[in-house]
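Enquirer: One structure follows; several queries about it will come next.
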Amino acid sequence: MKTSDLIAPLRAVLALVLALLLALAPVAPALAQDTGAAAEAVDYGDWEKTATRAEGEIENRNIGDERLDELRGQLAKWRAALLTAQNANSARIATVKEQIAALGSPPEEGATEAPEIAARRTELADLLVKLQSPGIAAEEAYRRADGLIREIDRIQRERQADELLQLWPAPVNPANWPEAAIGISDTLLRTWEEARDGWLDKSARSEFLNNLPLILMLIAIWAGLTIYARGWIERFVDRVQAGGSEARRRVLSLLASLGQVVVPTAGMVALTTALVYSGLLGEVTKRIALALPYLGFTLFVAVWLGGRAFPRTQGEDAVLPLPPERRTEGRFLARMMGLVVAVDALRGIAMDEQAYSDAVTAVATFPILVAGGLVLIRMGRILRLAREAGTQSYVLTLLSILARAVGAIGLVAPALATFGYVAAGRALIFPAIVTLALITLVLVVQRLLADLWAMVSPGDDAADREGLVPVLIGFGLTLLAVPVFALIWGARLADMTEMWTRFREGFQMGETRISPTDFLLFAVIFAIGYMLTRAFQGALRTSILPRTRMDLGGRTALVSGTGYVGIFLAALAAINATGIDLSGLAIVAGALSVGIGFGLQNIVSNFVAGIILLIERPVSEGDWIEVGGVQGIVKSISVRSTRVQTFDRTMVVVPNADLVSQQVKNWTRFGLAGRLIVPVGVAFGSDTRKVEAVLREIAEAQPLVVLNPPPIIVLQGFGADAMMFEIRVILRDVNFSLQVKSDINHQIVRRFQEEGIEIPFAQSEITIRNAEEIVAALSGPRSSAPEVVADPETNPKGGRKRAADPT
């Protein structure tokens with residue numbers, strides 16, 4: 001296991017970013033690229049030589065990984081060019097196909113057609129074959145290149161798996177210790193000898209003495225930046241947190257705390273420079289000196305992340321809810337993780353280049369793996385405590401799963417190394433440590449961006465930090481971190497770029513290949529069409545339709561219908577622009593339409609009813625309607641349902657199918673005028689003509705009552721207790737019917753009192769038969785009450801009842 005394996009994830013991340021940028025770069029030009037010119041750029045002779053050479057080298061099982069990576073890169077470039085060449089002459093091919101279709105269907109067997117038509121059909125068919133040949137050749141070559149790339153990927157994955165499962169000499173076997181001791185002591189001795197030989201060399205010593213002032217200055221800079229600057233930076237961070245808003249203090253504190261990484265790393269660079277200028281370094285010591293900035297950066301980042309995850313003061317923005325002693329332990333464990341990674345890197349730098357045996361490497365690595373496993377076990381325990389101390393949340397649930405996984409890795413990895421699977425143990429310990437660091441970094445960056453959003457957003461900082469935008473930012477950071485996690489856990493950069501290539505290639509639908517570029521173009525064109533539709537709707541609603549004689553309901557229906565038509569046309573334009581052929585989906589759509597028809601029949605019926613309502617407009621916004629026992633004002637009509645606000649201010653959603661299939665009473669559809677009937681009861685014996693005259697005066701006195709036609713007073717009939725009259729009037733605005741009815745009733749009470757007209761109330765007469773017998777029974781002698789006599793035998797607690805002797 002080489003030292004480069006430790007920094008491979010970092011290099012892979014940078015390489016992945018560059019690969020994505022290079023992959024995205026040709027997307028925009030590709031939209032306007034002439035595919036015919038791209039096809040002509042492919043030299044199939046060179047491709048044949050490259051493919052044949054690659055096939056011969058792949059068959060050689062002794063080929064190195066570096067050569068495989070080089071071959072794969074060459075084949076990937078050819079594959080990208082061949083993919084573009086598959087669309088050669090696509091526009092011309094489409095035109096020729098349309099020409100052939102314009103000639104009509106070929107004649108059936110035995111039938112003939114005009115010689116001119118037959119000759120033209122043959123000519124176009126030959127032209128079509130000629131135009132399609134470059135694309136067919138490109139597709140065949142593309143399949144060959146793709147197959148070779150997959151074969152290389154398979155070989156590299158098999159080699160990676162074999163390396164992870166390689167059985168090394170067991171580090172706990174005492175038989176391997178003498179050889180390991182010799183290797184370790186040889187490394188230490190060689191380091192000492194290189195330093196001693198450098199000092200004994202007169203030229204090196206002379207160079208050292210000449211550069212001594214510069215070396216001393218660099219050492220002083222290293223001491224100041226690495227040893228003493230930490231306390232200065234911490235005090236500066238405390239002063240930064242003294243003023244301003246909460247979000248501003250957190251942002252400035254985080255930015256200032258980055259000095260705990262940048263400043264000491266600069267000090268390590270000064271130390272490396274001093275060691276190089278000394279001229280006393282040999283091969284091993286120079287490698288160690290050059291690696292000091294990397295080793296220091298690893299340790300300083302671990303300390304900084306530990307301080308952010310386990311702060312000294314538990315504020316509202318703390319990542320984990322833990323008591324002070326557990327936070328102290330967490331910071332210590334974070335330092336130990338960084339130290340474990342740095343020590344293993346230092347071991348590799350000093351020993352890997354000397355080609356020691358697997359036994360030496362296994363014994364030298366085993367203590368580091370054990371230390372890393374113990375640190376992970378303790379960190380998993382702290383994470384579980386944070387899960388138990390915090391409230392129930394999705395993040396803490398994931399934290400609990402992470403804690404169990406970290407603890408399990410801390411146990412399994414050293415156990416594997418104990419039995420000789422040192423590579424497998426390394427593949428678990430160090431990715432787990434880097435994963436914890438990356439998770440912490442993602443949380444820190446997410447909180448930083450949330451605080452920046454809170455700073456630029458008006459309102460409460462806490463509410464802004466928990467708003468939709470910070471949540472989406474965190475989700476985006478998590479998605480961006482997924483490829484990095486994959487690289488950390490052993491995924492090859494080639495695998496990631498291959499996935500991206502497959503994603504860019506898209507998928508085949510019939511004779512059309514749909515790629516992310518097509519989706520992007522579809523989204524852009526549809527968005528443009530949608531915005532134009534909304535702009536036209538706004539112009540209709542505010543500028544054009546108010547100047548017409550169309551009523552409010554008609555205007556609303558026209559604006560809604562324009563929106564549906566515009567969205568439909570925008571979708572058609574986007575599909576046509578991307579070149580998506582939907583004919584291949586006709587059979588599938590026909591099969592699915594049956595099931596969809598049964599499952600969505602209510603929704604479809606409501607949709608059709610909504611279209612009918614918009615066209616016929618039996619109901620419009622602002623109408624007072626009554627349907628299915630619901631009575632209120634129509635507030636809005638959509639495609640699926642209609643919202644009705646009842647008079648008690650509740651909103652009722654009525655399916656449009658009910659408005660079409662049921663009886664609907666619309667009080668205000670063709671005008672606000674409406675009839676009001678007020679029933680009135682008067683006592684028997686009253687002068688009916690006088691009552692009619694009084695009621696007519698009351699009705700005509702109402703300001704909202706229409707006098708043409710005049711109010712009608714009707715003697716409706718005779719009830720059990722009263723003569724029933726009705727006042728029937730037409731109101732100018734039926735919306736005020738309840739108010740008018742109340743005013744009429746008040747006037748009726750007042751005028752009837754003035755005119756001496758009695759308003760009857762319900763009375764009942766009861767006739768009792770054999771009343772004399774009932775009276776005699778009630779006035780007879782009263783019976784004696786029973787006497788209570790104590791009887792301890794039958795009722796020891798009270799007594800028993802015994803009727804008194806009537807004699």
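Just so we're on the same page: first chain in the structure tokens is A, next is B, and so on; residues restart at 1 for each chain, and ligands are numbered from 1 in the order they show up.
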Excluding segment 728-743 of chain A and its own-chain neighbours fewer than 2 positions away, which residues fall within 12 Å of it when counting only C-alpha atoms? Please give them as a ChimeraX atom specification.
Expert: /A:622-625,632-633,647,666-680,692,695-696,698-716,725-726,745-750
Enquirer: Neighbours of Thr361 of chain A within 10 Å (only C-alpha atoms; same-chain residues fewer than 2 positions away dropped), as a PyMOL selection string?
Expert: chain A and resi 1+168-169+171+180+183-184+347-348+351-352+355-359+363-366+422
Enquirer: Can you spit out the residues from that selection as a compact mmCIF listing (two decimals), in the first residue's frame, using N, CA, C and O atoms?
Expert:
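Contents of part.txt, as written:
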```txt
# COMPACT_ATOMS: atom_id res chain seq x y z
N MET A 1 0.84 -1.19 0.00
CA MET A 1 0.00 0.00 0.00
C MET A 1 0.88 1.24 0.00
O MET A 1 1.69 1.41 0.90
N TRP A 168 -1.82 -10.56 3.68
CA TRP A 168 -0.45 -10.25 4.05
C TRP A 168 -0.04 -11.11 5.24
O TRP A 168 -0.88 -11.72 5.91
N PRO A 169 1.26 -11.14 5.56
CA PRO A 169 1.68 -11.81 6.81
C PRO A 169 0.99 -11.17 8.01
O PRO A 169 0.89 -9.94 8.11
N PRO A 171 0.32 -9.41 11.27
CA PRO A 171 1.20 -8.55 12.07
C PRO A 171 1.32 -8.99 13.52
O PRO A 171 2.26 -8.57 14.21
N ALA A 180 10.32 -6.96 10.76
CA ALA A 180 9.76 -5.62 10.85
C ALA A 180 10.65 -4.70 11.66
O ALA A 180 10.84 -3.51 11.32
N GLY A 183 13.42 -3.56 9.47
CA GLY A 183 13.00 -2.56 8.50
C GLY A 183 12.80 -1.19 9.13
O GLY A 183 13.22 -0.17 8.59
N ILE A 184 12.12 -1.16 10.30
CA ILE A 184 11.87 0.12 10.96
C ILE A 184 13.17 0.75 11.42
O ILE A 184 13.41 1.97 11.24
N ARG A 347 4.73 7.35 7.70
CA ARG A 347 5.29 6.00 7.57
C ARG A 347 5.44 5.62 6.10
O ARG A 347 6.47 5.08 5.67
N GLY A 348 4.43 5.90 5.32
CA GLY A 348 4.51 5.57 3.90
C GLY A 348 5.60 6.35 3.19
O GLY A 348 6.30 5.82 2.33
N MET A 351 8.97 4.79 4.26
CA MET A 351 9.26 3.37 4.08
C MET A 351 8.83 2.80 2.74
O MET A 351 9.44 1.84 2.26
N ASP A 352 7.81 3.34 2.10
CA ASP A 352 7.28 2.70 0.90
C ASP A 352 8.29 2.69 -0.25
O ASP A 352 8.37 1.72 -1.01
N ALA A 355 10.89 -0.28 -0.62
CA ALA A 355 10.47 -1.62 -1.08
C ALA A 355 10.69 -2.68 -0.01
O ALA A 355 11.29 -3.73 -0.25
N TYR A 356 10.18 -2.40 1.20
CA TYR A 356 10.25 -3.42 2.24
C TYR A 356 9.22 -4.51 1.95
O TYR A 356 8.27 -4.33 1.18
N SER A 357 9.36 -5.63 2.61
CA SER A 357 8.45 -6.75 2.41
C SER A 357 7.08 -6.43 3.00
O SER A 357 6.91 -5.48 3.78
N ASP A 358 6.11 -7.27 2.63
CA ASP A 358 4.76 -7.09 3.16
C ASP A 358 4.72 -7.28 4.67
O ASP A 358 3.91 -6.65 5.36
N ALA A 359 5.57 -8.13 5.21
CA ALA A 359 5.60 -8.34 6.65
C ALA A 359 5.99 -7.07 7.38
O ALA A 359 5.41 -6.71 8.42
N VAL A 363 3.39 -5.05 9.92
CA VAL A 363 3.70 -4.81 11.34
C VAL A 363 3.77 -3.32 11.64
O VAL A 363 3.31 -2.85 12.69
N ALA A 364 4.34 -2.53 10.72
CA ALA A 364 4.44 -1.08 10.94
C ALA A 364 3.09 -0.40 10.85
O ALA A 364 2.85 0.62 11.52
N THR A 365 2.19 -0.93 10.05
CA THR A 365 0.87 -0.30 9.88
C THR A 365 -0.11 -0.72 10.96
O THR A 365 -1.03 0.05 11.29
N PHE A 366 0.04 -1.90 11.52
CA PHE A 366 -0.95 -2.45 12.44
C PHE A 366 -1.21 -1.54 13.64
O PHE A 366 -2.38 -1.30 13.98
N VAL A 422 -4.49 -6.51 5.85
CA VAL A 422 -4.11 -5.14 6.21
C VAL A 422 -4.69 -4.14 5.21
O VAL A 422 -5.16 -3.06 5.58
```
Enquirer: Just the number, please: distance in Å from atom CA of Val653 of chain A to atom CA of Thr533 of chain A, one decimal.
Expert: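 It comes out at 26.8 Å.
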Enquirer: State, in Å with one decimal place, the distance from atom CA of Leu472 of chain A to atom CA of Leu449 of chain A.
Expert: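 Between these atoms lies a distance of 10.8 Å.
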Enquirer: As a list in words, please: the residues near Arg205 of chain A (cut-off 12 Å, only C-alpha atoms, same-chain neighbours under 5 positions excluded).
Expert: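 Everything that qualifies: Ala195, Arg196, Asp197, Gly198, Trp199, Leu200, Asn210, Asn211, Leu212, Tyr277, Ser278, Gly279, Leu280 and Leu281 of chain A.
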Enquirer: Just list the residues in segment 250-445 of chain A DSSP gives alpha helix (DSSP H) on the backbone, as an NGL selection string.
Expert: :A and (250-257 or 259-278 or 283-309 or 324-351 or 358-389 or 394-418 or 422-445)
